[in-house]
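Shown next: run_39.cif, given as mmCIF, C-alpha atoms, pLDDT in the B column; chains and numbers go by the auth columns.
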```cif
data_final
loop_
_atom_site.group_PDB
_atom_site.id
_atom_site.type_symbol
_atom_site.label_atom_id
_atom_site.label_comp_id
_atom_site.label_asym_id
_atom_site.label_seq_id
_atom_site.Cartn_x
_atom_site.Cartn_y
_atom_site.Cartn_z
_atom_site.B_iso_or_equiv
_atom_site.auth_seq_id
_atom_site.auth_asym_id
ATOM 1 C CA PRO A 1 -24.562 -14.979 -3.267 48.00 597 V
ATOM 2 C CA PRO A 2 -22.327 -12.277 -1.769 46.00 598 V
ATOM 3 C CA GLY A 3 -20.143 -12.673 1.281 45.00 599 V
ATOM 4 C CA ALA A 4 -20.749 -10.613 4.395 47.00 600 V
ATOM 5 C CA GLY A 5 -20.414 -6.899 3.743 48.00 601 V
ATOM 6 C CA ALA A 6 -20.349 -7.261 -0.062 50.00 602 V
ATOM 7 C CA THR A 7 -23.067 -6.263 -2.450 50.00 603 V
ATOM 8 C CA VAL A 8 -23.699 -7.774 -5.850 50.00 604 V
ATOM 9 C CA SER A 9 -24.105 -5.458 -8.786 51.00 605 V
ATOM 10 C CA PRO A 10 -25.791 -6.570 -11.998 51.00 606 V
ATOM 11 C CA ALA A 11 -23.666 -6.987 -15.091 51.00 607 V
ATOM 12 C CA SER A 12 -23.278 -3.724 -16.974 48.00 608 V
ATOM 13 C CA GLU A 13 -26.186 -3.045 -19.278 46.00 609 V
ATOM 14 C CA GLY A 14 -25.599 -2.173 -22.889 44.00 610 V
ATOM 15 C CA CYS A 15 -22.614 -4.508 -23.026 46.00 611 V
ATOM 16 C CA PRO A 16 -22.493 -5.878 -26.585 48.00 612 V
ATOM 17 C CA PRO A 17 -22.790 -9.670 -26.864 48.00 613 V
ATOM 18 C CA GLY A 18 -19.484 -11.424 -27.482 48.00 614 V
ATOM 19 C CA ASP A 19 -17.591 -8.573 -25.797 49.00 615 V
ATOM 20 C CA GLY A 20 -14.368 -10.095 -24.420 48.00 616 V
ATOM 21 C CA GLY A 21 -16.017 -13.487 -24.672 52.00 617 V
ATOM 22 C CA SER A 22 -19.495 -13.745 -23.196 66.00 618 V
ATOM 23 C CA MET A 23 -18.130 -15.414 -20.082 93.00 619 V
ATOM 24 C CA ARG A 24 -18.225 -13.346 -16.945 96.00 620 V
ATOM 25 C CA CYS A 25 -17.207 -14.087 -13.402 97.00 621 V
ATOM 26 C CA GLN A 26 -17.626 -12.501 -10.000 97.00 622 V
ATOM 27 C CA VAL A 27 -14.601 -10.691 -8.607 98.00 623 V
ATOM 28 C CA SER A 28 -14.076 -8.793 -5.351 98.00 624 V
ATOM 29 C CA VAL A 29 -13.423 -5.143 -6.062 98.00 625 V
ATOM 30 C CA LEU A 30 -11.671 -3.245 -3.255 98.00 626 V
ATOM 31 C CA TYR A 31 -11.641 0.542 -3.017 98.00 627 V
ATOM 32 C CA PHE A 32 -9.063 2.546 -1.046 98.00 628 V
ATOM 33 C CA ALA A 33 -8.459 6.139 -0.033 98.00 629 V
ATOM 34 C CA ARG A 34 -9.935 8.635 -2.489 98.00 630 V
ATOM 35 C CA SER A 35 -11.458 5.900 -4.646 98.00 631 V
ATOM 36 C CA ALA A 36 -13.411 4.609 -1.623 98.00 632 V
ATOM 37 C CA GLU A 37 -14.731 8.127 -1.004 98.00 633 V
ATOM 38 C CA LEU A 38 -15.794 8.539 -4.638 98.00 634 V
ATOM 39 C CA ALA A 39 -17.360 5.080 -4.927 98.00 635 V
ATOM 40 C CA GLY A 40 -18.980 5.361 -1.493 98.00 636 V
ATOM 41 C CA LEU A 41 -17.897 1.909 -0.407 97.00 637 V
ATOM 42 C CA ARG A 42 -14.843 -0.216 0.367 98.00 638 V
ATOM 43 C CA CYS A 43 -15.659 -3.511 -1.326 98.00 639 V
ATOM 44 C CA GLU A 44 -18.203 -5.258 -3.453 98.00 640 V
ATOM 45 C CA SER A 45 -18.628 -8.214 -5.789 98.00 641 V
ATOM 46 C CA LEU A 46 -18.948 -7.321 -9.460 98.00 642 V
ATOM 47 C CA TRP A 47 -19.621 -9.464 -12.502 97.00 643 V
ATOM 48 C CA VAL A 48 -16.912 -8.695 -15.047 97.00 644 V
ATOM 49 C CA PRO A 49 -15.639 -10.366 -18.231 96.00 645 V
ATOM 50 C CA ARG A 50 -13.220 -13.194 -17.557 97.00 646 V
ATOM 51 C CA GLN A 51 -10.876 -11.838 -20.221 97.00 647 V
ATOM 52 C CA VAL A 52 -10.594 -8.083 -20.353 97.00 648 V
ATOM 53 C CA THR A 53 -7.945 -5.412 -20.765 98.00 649 V
ATOM 54 C CA SER A 54 -7.156 -3.415 -17.650 98.00 650 V
ATOM 55 C CA LEU A 55 -8.585 -0.308 -19.296 98.00 651 V
ATOM 56 C CA GLN A 56 -11.825 -2.120 -20.201 97.00 652 V
ATOM 57 C CA LEU A 57 -12.075 -3.352 -16.624 98.00 653 V
ATOM 58 C CA TRP A 58 -11.702 0.231 -15.391 98.00 654 V
ATOM 59 C CA GLU A 59 -14.485 1.319 -17.722 98.00 655 V
ATOM 60 C CA GLU A 60 -16.760 -1.454 -16.411 97.00 656 V
ATOM 61 C CA ILE A 61 -16.182 -0.238 -12.863 98.00 657 V
ATOM 62 C CA VAL A 62 -16.770 3.404 -13.818 98.00 658 V
ATOM 63 C CA LYS A 63 -20.143 2.409 -15.312 98.00 659 V
ATOM 64 C CA VAL A 64 -21.112 1.275 -11.811 98.00 660 V
ATOM 65 C CA HIS A 65 -19.496 4.269 -10.056 98.00 661 V
ATOM 66 C CA PRO A 66 -19.297 7.206 -12.488 98.00 662 V
ATOM 67 C CA ARG A 67 -17.707 9.498 -9.883 98.00 663 V
ATOM 68 C CA LEU A 68 -14.510 7.436 -10.174 98.00 664 V
ATOM 69 C CA ALA A 69 -13.892 8.870 -13.641 98.00 665 V
ATOM 70 C CA VAL A 70 -12.102 11.923 -12.198 97.00 666 V
ATOM 71 C CA ILE A 71 -9.203 9.816 -10.872 97.00 667 V
ATOM 72 C CA ARG A 72 -8.646 7.715 -13.993 97.00 668 V
ATOM 73 C CA ASP A 73 -5.214 9.245 -14.688 96.00 669 V
ATOM 74 C CA GLN A 74 -3.947 8.659 -11.181 96.00 670 V
ATOM 75 C CA VAL A 75 -4.868 5.087 -10.371 97.00 671 V
ATOM 76 C CA VAL A 76 -3.539 1.645 -11.060 98.00 672 V
ATOM 77 C CA PHE A 77 -5.094 -1.706 -10.299 98.00 673 V
ATOM 78 C CA ALA A 78 -3.802 -4.468 -8.096 98.00 674 V
ATOM 79 C CA VAL A 79 -5.071 -7.764 -9.527 98.00 675 V
ATOM 80 C CA ARG A 80 -4.360 -10.741 -7.284 98.00 676 V
ATOM 81 C CA GLN A 81 -2.057 -8.328 -5.403 98.00 677 V
ATOM 82 C CA GLU A 82 0.116 -7.437 -8.399 98.00 678 V
ATOM 83 C CA TYR A 83 0.100 -3.895 -9.781 98.00 679 V
ATOM 84 C CA VAL A 84 -1.397 -3.451 -13.251 98.00 680 V
ATOM 85 C CA LEU A 85 -1.425 -0.165 -15.160 97.00 681 V
ATOM 86 C CA LEU A 86 -4.640 0.912 -16.883 97.00 682 V
ATOM 87 C CA GLY A 87 -4.091 0.034 -20.511 97.00 683 V
ATOM 88 C CA ASP A 88 -3.890 -2.821 -22.971 97.00 684 V
ATOM 89 C CA GLN A 89 -2.701 -5.511 -20.617 96.00 685 V
ATOM 90 C CA LEU A 90 -4.998 -8.505 -20.969 97.00 686 V
ATOM 91 C CA LEU A 91 -6.276 -9.841 -17.671 98.00 687 V
ATOM 92 C CA VAL A 92 -7.556 -13.387 -17.239 97.00 688 V
ATOM 93 C CA LEU A 93 -9.797 -13.258 -14.198 98.00 689 V
ATOM 94 C CA GLN A 94 -10.954 -16.135 -11.994 97.00 690 V
ATOM 95 C CA PRO A 95 -14.041 -16.181 -9.751 97.00 691 V
ATOM 96 C CA GLY A 96 -13.208 -14.585 -6.415 97.00 692 V
ATOM 97 C CA ASP A 97 -10.112 -12.725 -7.653 98.00 693 V
ATOM 98 C CA GLU A 98 -9.302 -9.530 -5.766 98.00 694 V
ATOM 99 C CA VAL A 99 -9.168 -6.419 -7.918 98.00 695 V
ATOM 100 C CA ALA A 100 -8.143 -3.310 -5.975 98.00 696 V
ATOM 101 C CA ILE A 101 -8.295 0.316 -7.101 98.00 697 V
ATOM 102 C CA ILE A 102 -4.978 1.848 -6.057 98.00 698 V
ATOM 103 C CA PRO A 103 -4.783 5.675 -5.879 98.00 699 V
ATOM 104 C CA PRO A 104 -1.317 7.244 -5.471 98.00 700 V
ATOM 105 C CA ILE A 105 0.262 5.788 -2.348 98.00 701 V
ATOM 106 C CA SER A 106 1.597 7.694 0.639 97.00 702 V
ATOM 107 C CA GLY A 107 2.983 5.244 3.155 97.00 703 V
ATOM 108 C CA GLY A 108 5.981 5.884 5.350 95.00 704 V
ATOM 109 C CA MET B 1 18.941 -16.008 23.506 51.00 561 D
ATOM 110 C CA ASP B 2 19.378 -19.380 21.773 55.00 562 D
ATOM 111 C CA GLU B 3 22.121 -18.632 19.241 55.00 563 D
ATOM 112 C CA SER B 4 21.373 -21.691 17.146 56.00 564 D
ATOM 113 C CA GLN B 5 17.942 -20.217 16.466 65.00 565 D
ATOM 114 C CA ASP B 6 19.383 -16.878 15.268 83.00 566 D
ATOM 115 C CA GLU B 7 18.312 -17.321 11.645 93.00 567 D
ATOM 116 C CA PRO B 8 17.692 -14.130 9.658 97.00 568 D
ATOM 117 C CA LYS B 9 14.148 -12.953 10.215 98.00 569 D
ATOM 118 C CA ASP B 10 11.769 -10.338 8.861 98.00 570 D
ATOM 119 C CA PHE B 11 9.414 -8.746 11.366 98.00 571 D
ATOM 120 C CA ILE B 12 6.545 -6.995 9.602 98.00 572 D
ATOM 121 C CA LYS B 13 3.646 -5.457 11.462 98.00 573 D
ATOM 122 C CA LEU B 14 0.829 -3.062 10.580 98.00 574 D
ATOM 123 C CA LYS B 15 -0.994 -1.953 13.721 98.00 575 D
ATOM 124 C CA SER B 16 -3.141 0.830 15.095 97.00 576 D
ATOM 125 C CA GLU B 17 -1.413 1.073 18.462 97.00 577 D
ATOM 126 C CA LYS B 18 1.477 3.451 19.165 97.00 578 D
ATOM 127 C CA LEU B 19 4.788 2.196 17.757 98.00 579 D
ATOM 128 C CA SER B 20 7.738 1.503 20.035 98.00 580 D
ATOM 129 C CA VAL B 21 11.335 2.186 19.064 98.00 581 D
ATOM 130 C CA ASP B 22 12.530 -0.066 21.897 98.00 582 D
ATOM 131 C CA GLU B 23 10.366 -2.933 20.723 98.00 583 D
ATOM 132 C CA VAL B 24 11.451 -2.645 17.077 98.00 584 D
ATOM 133 C CA SER B 25 15.172 -2.327 17.962 98.00 585 D
ATOM 134 C CA GLU B 26 15.044 -5.330 20.239 98.00 586 D
ATOM 135 C CA LEU B 27 13.533 -7.456 17.475 98.00 587 D
ATOM 136 C CA VAL B 28 16.639 -7.092 15.289 98.00 588 D
ATOM 137 C CA ILE B 29 19.395 -7.213 17.897 97.00 589 D
ATOM 138 C CA SER B 30 21.628 -10.224 17.341 96.00 590 D
ATOM 139 C CA PRO B 31 24.835 -11.483 18.946 95.00 591 D
ATOM 140 C CA CYS B 32 26.597 -11.599 15.572 95.00 592 D
ATOM 141 C CA CYS B 33 25.711 -8.017 14.709 97.00 593 D
ATOM 142 C CA GLY B 34 27.668 -4.932 15.663 97.00 594 D
ATOM 143 C CA ALA B 35 25.202 -2.536 14.070 98.00 595 D
ATOM 144 C CA VAL B 36 21.494 -1.760 14.295 98.00 596 D
ATOM 145 C CA SER B 37 20.287 1.061 12.061 98.00 597 D
ATOM 146 C CA LEU B 38 16.922 2.694 12.546 98.00 598 D
ATOM 147 C CA PHE B 39 14.573 4.980 10.625 98.00 599 D
ATOM 148 C CA ILE B 40 11.628 6.616 12.349 98.00 600 D
ATOM 149 C CA GLY B 41 9.016 8.496 10.285 97.00 601 D
ATOM 150 C CA THR B 42 7.113 11.011 12.401 93.00 602 D
ATOM 151 C CA THR B 43 4.165 13.299 11.801 87.00 603 D
ATOM 152 C CA ARG B 44 4.898 16.948 11.048 86.00 604 D
ATOM 153 C CA ASN B 45 2.545 19.618 12.361 89.00 605 D
ATOM 154 C CA ASN B 46 2.409 21.701 9.180 89.00 606 D
ATOM 155 C CA PHE B 47 2.121 21.475 5.421 87.00 607 D
ATOM 156 C CA GLU B 48 2.276 24.519 3.101 88.00 608 D
ATOM 157 C CA GLY B 49 1.343 26.858 5.916 90.00 609 D
ATOM 158 C CA LYS B 50 -1.612 24.781 7.078 91.00 610 D
ATOM 159 C CA LYS B 51 -1.728 23.354 10.557 93.00 611 D
ATOM 160 C CA VAL B 52 -1.894 19.551 10.568 93.00 612 D
ATOM 161 C CA ILE B 53 -4.201 18.267 13.291 92.00 613 D
ATOM 162 C CA HIS B 54 -3.317 14.604 12.781 92.00 614 D
ATOM 163 C CA LEU B 55 -2.726 11.981 10.091 95.00 615 D
ATOM 164 C CA GLU B 56 -4.916 9.008 9.221 97.00 616 D
ATOM 165 C CA TYR B 57 -3.437 5.953 7.545 98.00 617 D
ATOM 166 C CA GLU B 58 -5.183 3.117 5.748 98.00 618 D
ATOM 167 C CA ALA B 59 -3.720 0.093 4.001 98.00 619 D
ATOM 168 C CA TYR B 60 -4.489 -2.756 1.639 98.00 620 D
ATOM 169 C CA THR B 61 -3.173 -4.831 4.470 98.00 621 D
ATOM 170 C CA SER B 62 -2.521 -8.212 2.892 98.00 622 D
ATOM 171 C CA MET B 63 -0.811 -6.679 -0.137 98.00 623 D
ATOM 172 C CA ALA B 64 1.136 -4.182 1.991 98.00 624 D
ATOM 173 C CA GLU B 65 2.567 -7.070 3.999 98.00 625 D
ATOM 174 C CA SER B 66 3.516 -8.982 0.858 98.00 626 D
ATOM 175 C CA GLU B 67 5.122 -5.903 -0.715 98.00 627 D
ATOM 176 C CA ILE B 68 7.141 -5.301 2.465 98.00 628 D
ATOM 177 C CA LYS B 69 8.227 -8.969 2.366 98.00 629 D
ATOM 178 C CA LYS B 70 9.438 -8.378 -1.209 98.00 630 D
ATOM 179 C CA ILE B 71 11.453 -5.383 0.018 98.00 631 D
ATOM 180 C CA CYS B 72 13.042 -7.561 2.710 98.00 632 D
ATOM 181 C CA ARG B 73 13.902 -10.189 0.106 98.00 633 D
ATOM 182 C CA ASP B 74 15.501 -7.513 -2.096 98.00 634 D
ATOM 183 C CA VAL B 75 17.481 -6.176 0.875 98.00 635 D
ATOM 184 C CA ARG B 76 18.915 -9.622 1.552 98.00 636 D
ATOM 185 C CA GLN B 77 19.929 -10.002 -2.097 98.00 637 D
ATOM 186 C CA LYS B 78 21.660 -6.616 -2.167 98.00 638 D
ATOM 187 C CA TRP B 79 23.211 -6.810 1.325 98.00 639 D
ATOM 188 C CA PRO B 80 23.672 -10.510 2.135 98.00 640 D
ATOM 189 C CA SER B 81 25.223 -9.806 5.527 97.00 641 D
ATOM 190 C CA VAL B 82 21.999 -8.189 6.812 98.00 642 D
ATOM 191 C CA LYS B 83 20.649 -10.236 9.678 98.00 643 D
ATOM 192 C CA HIS B 84 17.206 -9.124 10.849 98.00 644 D
ATOM 193 C CA ILE B 85 14.798 -6.595 9.373 98.00 645 D
ATOM 194 C CA ALA B 86 11.833 -5.061 11.200 98.00 646 D
ATOM 195 C CA VAL B 87 9.218 -2.822 9.582 98.00 647 D
ATOM 196 C CA HIS B 88 6.383 -1.549 11.760 98.00 648 D
ATOM 197 C CA HIS B 89 3.818 0.811 10.247 98.00 649 D
ATOM 198 C CA ARG B 90 0.981 2.411 12.114 98.00 650 D
ATOM 199 C CA LEU B 91 -2.559 2.527 10.762 98.00 651 D
ATOM 200 C CA GLY B 92 -5.508 4.707 11.738 98.00 652 D
ATOM 201 C CA VAL B 93 -5.056 8.025 13.514 96.00 653 D
ATOM 202 C CA VAL B 94 -1.463 9.149 14.205 96.00 654 D
ATOM 203 C CA PRO B 95 -1.155 12.339 16.270 93.00 655 D
ATOM 204 C CA VAL B 96 1.507 14.940 15.432 91.00 656 D
ATOM 205 C CA THR B 97 5.048 13.977 16.577 90.00 657 D
ATOM 206 C CA GLU B 98 4.174 10.311 16.955 94.00 658 D
ATOM 207 C CA ALA B 99 5.844 7.721 14.740 97.00 659 D
ATOM 208 C CA SER B 100 4.027 6.381 11.696 97.00 660 D
ATOM 209 C CA VAL B 101 6.778 4.009 10.628 98.00 661 D
ATOM 210 C CA ILE B 102 9.838 2.447 12.258 98.00 662 D
ATOM 211 C CA ILE B 103 12.371 0.412 10.287 98.00 663 D
ATOM 212 C CA ALA B 104 15.293 -1.397 11.941 98.00 664 D
ATOM 213 C CA VAL B 105 18.021 -3.481 10.320 98.00 665 D
ATOM 214 C CA SER B 106 20.915 -5.331 11.923 98.00 666 D
ATOM 215 C CA SER B 107 24.193 -6.372 10.296 98.00 667 D
ATOM 216 C CA PRO B 108 27.704 -7.274 11.467 97.00 668 D
ATOM 217 C CA HIS B 109 29.109 -3.914 10.309 97.00 669 D
ATOM 218 C CA ARG B 110 27.360 -0.587 10.010 97.00 670 D
ATOM 219 C CA ALA B 111 27.563 0.162 6.252 98.00 671 D
ATOM 220 C CA GLU B 112 25.108 -2.543 5.247 98.00 672 D
ATOM 221 C CA SER B 113 22.436 -1.790 7.839 98.00 673 D
ATOM 222 C CA LEU B 114 22.611 1.961 7.153 98.00 674 D
ATOM 223 C CA GLU B 115 22.219 1.412 3.409 98.00 675 D
ATOM 224 C CA ALA B 116 19.519 -1.212 3.859 98.00 676 D
ATOM 225 C CA VAL B 117 17.386 1.068 6.068 98.00 677 D
ATOM 226 C CA THR B 118 17.589 3.812 3.442 98.00 678 D
ATOM 227 C CA TYR B 119 16.586 1.368 0.733 98.00 679 D
ATOM 228 C CA CYS B 120 13.672 0.071 2.844 98.00 680 D
ATOM 229 C CA ILE B 121 12.051 3.429 3.471 98.00 681 D
ATOM 230 C CA ASN B 122 12.590 4.671 -0.083 98.00 682 D
ATOM 231 C CA THR B 123 11.134 1.508 -1.597 98.00 683 D
ATOM 232 C CA LEU B 124 8.263 1.409 0.887 98.00 684 D
ATOM 233 C CA LYS B 125 7.274 4.889 -0.242 98.00 685 D
ATOM 234 C CA ALA B 126 7.348 3.757 -3.868 97.00 686 D
ATOM 235 C CA SER B 127 5.578 0.419 -3.677 97.00 687 D
ATOM 236 C CA VAL B 128 3.621 -0.403 -0.515 98.00 688 D
ATOM 237 C CA PRO B 129 -0.175 0.168 -0.710 98.00 689 D
ATOM 238 C CA ILE B 130 -0.615 2.423 2.307 98.00 690 D
ATOM 239 C CA TRP B 131 -2.346 5.822 2.140 98.00 691 D
ATOM 240 C CA LYS B 132 -2.053 8.889 4.355 97.00 692 D
ATOM 241 C CA LYS B 133 -4.707 11.539 4.830 97.00 693 D
ATOM 242 C CA GLU B 134 -3.574 14.834 6.362 95.00 694 D
ATOM 243 C CA ILE B 135 -6.287 16.430 8.492 95.00 695 D
ATOM 244 C CA TYR B 136 -6.128 20.245 8.722 94.00 696 D
ATOM 245 C CA GLU B 137 -8.413 22.577 10.627 92.00 697 D
ATOM 246 C CA ASP B 138 -10.965 23.050 7.851 92.00 698 D
ATOM 247 C CA GLU B 139 -10.166 20.374 5.283 95.00 699 D
ATOM 248 C CA TYR B 140 -8.122 17.268 4.553 96.00 700 D
ATOM 249 C CA SER B 141 -5.859 16.021 1.798 96.00 701 D
ATOM 250 C CA TRP B 142 -4.860 12.594 0.549 97.00 702 D
ATOM 251 C CA LYS B 143 -1.073 12.718 0.214 96.00 703 D
ATOM 252 C CA GLU B 144 0.879 11.310 -2.719 96.00 704 D
ATOM 253 C CA ASN B 145 4.482 10.187 -2.393 96.00 705 D
ATOM 254 C CA LYS B 146 6.730 11.624 -5.093 95.00 706 D
ATOM 255 C CA GLU B 147 8.199 8.107 -5.326 96.00 707 D
ATOM 256 C CA CYS B 148 4.840 6.760 -6.531 95.00 708 D
ATOM 257 C CA PHE B 149 5.246 6.301 -10.266 86.00 709 D
ATOM 258 C CA TRP B 150 1.532 6.513 -11.070 90.00 710 D
ATOM 259 C CA ALA B 151 0.880 9.724 -9.119 84.00 711 D
ATOM 260 C CA ASN B 152 -0.050 12.806 -11.112 68.00 712 D
ATOM 261 C CA SER B 153 2.890 14.850 -9.858 56.00 713 D
ATOM 262 C CA GLU B 154 2.673 17.569 -12.499 47.00 714 D
ATOM 263 C CA LYS B 155 -0.434 19.583 -11.700 39.00 715 D
#
```
Take the structure from the file and write it as structure tokens.
Amino acid sequence: PPGAGATVSPASEGCPPGDGGSMRCQVSVLYFARSAELAGLRCESLWVPRQVTSLQLWEEIVKVHPRLAVIRDQVVFAVRQEYVLLGDQLLVLQPGDEVAIIPPISGG
Amino acid sequence: MDESQDEPKDFIKLKSEKLSVDEVSELVISPCCGAVSLFIGTTRNNFEGKKVIHLEYEAYTSMAESEIKKICRDVRQKWPSVKHIAVHHRLGVVPVTEASVIIAVSSPHRAESLEAVTYCINTLKASVPIWKKEIYEDEYSWKENKECFWANSEK
């Protein structure tokens, strides 16, 4: 049951059983700047593994929005508003967590 | 002004309306401070020979505010005599020559507020999730601060 303005995407198909634990949860994925243009939206709810490396999480999101692949080398995540590089860092996600795609920043 | 209420404060605002240097300066003025230092970031009208029509800013607002709060906390650790800090950043469309960011810091003596303002703008450019799109006549470009450690600066 999504909140206003969010859409629910089905869990990625072809995901092997037991991958990262079979437990998944619904997180809010936020897209900004170029990533919002490539994904075509600003936020949605996605079902993702509760335990997942940041790189695996990126790959899950790219399965839903393949056009994001071109910016893989330039983005980081913000998970619960803390920056996380794409890599081996293990994330433990809770239902409703905010996961933001963060392209290179240009404030100021 | 009630001097007993003059506790150090951080004033952080992200807004779409035009920024005011007077407003931001007045926020940090304090009877115990002999110095107010200011930085104003304005919009240039050109980039690499292309005419800039205007800038558009967007932010991950809640995280931008918390990252700016962290910067304020760091400022107070490094320069304990700093009194008030104000950071106002504009979002949405910013026409050429208008301010996109104003930072003001007050301190008893000028060295601390001057250094703290420099630290604030440099760290903001490295860590606060705000994005700028430059709109030219025929195209646009998402900018990338050189301070951003995950930007692909070698192209």
Exercise: segment 673-688 of chain D partners within 6 Å, all atoms listed in the file, chain neighbours under 6 positions left out, as a PyMOL selection string | (chain V and resi 703-704) or (chain D and resi 597+624+627+665-667+707-708)
Of the candidates V:Val672, V:Met619, V:Leu651, V:Val660, which one gets nearest to Leu687 of chain V if we count only C-alpha atoms?
->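 Using only C-alpha atoms, Leu687 of chain V sits closest to V:Leu651.
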Contact set, chain V to chain D: 9 Å, only C-alpha atoms, as a compact mmCIF listing (two decimals) with C-alpha atoms, keeping the file's coordinate frame:
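The resulting file, iface.txt, is shown below:
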```txt
# COMPACT_ATOMS: atom_id res chain seq x y z
CA LEU V 626 -11.67 -3.24 -3.26
CA PHE V 628 -9.06 2.55 -1.05
CA ALA V 629 -8.46 6.14 -0.03
CA ARG V 630 -9.94 8.64 -2.49
CA ASP V 669 -5.21 9.24 -14.69
CA GLN V 670 -3.95 8.66 -11.18
CA VAL V 671 -4.87 5.09 -10.37
CA VAL V 672 -3.54 1.64 -11.06
CA ALA V 674 -3.80 -4.47 -8.10
CA ARG V 676 -4.36 -10.74 -7.28
CA GLN V 677 -2.06 -8.33 -5.40
CA GLU V 678 0.12 -7.44 -8.40
CA LEU V 681 -1.42 -0.16 -15.16
CA ALA V 696 -8.14 -3.31 -5.98
CA ILE V 698 -4.98 1.85 -6.06
CA PRO V 699 -4.78 5.68 -5.88
CA PRO V 700 -1.32 7.24 -5.47
CA ILE V 701 0.26 5.79 -2.35
CA SER V 702 1.60 7.69 0.64
CA GLY V 703 2.98 5.24 3.16
CA GLY V 704 5.98 5.88 5.35
```
For the file shown, report as a VMD selection string the outcome of the PyMOL selection byres ((chain D and resi 588-592) around 8) at residue level.
-> chain D and resid 563 566 584 to 587 593 to 594 596 643 to 646 664 to 668
Evaluate the PyMOL selection byres ((chain V and resi 663) around 12) here and jot the selected residues down as a list of chain:residue names.
->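 Output from the PyMOL selection byres ((chain V and resi 663) around 12), applied to this file: V:Arg630, V:Ser631, V:Ala632, V:Glu633, V:Leu634, V:Ala635, V:Gly636, V:Glu655, V:Ile657, V:Val658, V:Lys659, V:Val660, V:His661, V:Pro662, V:Leu664, V:Ala665, V:Val666, V:Ile667, V:Arg668.
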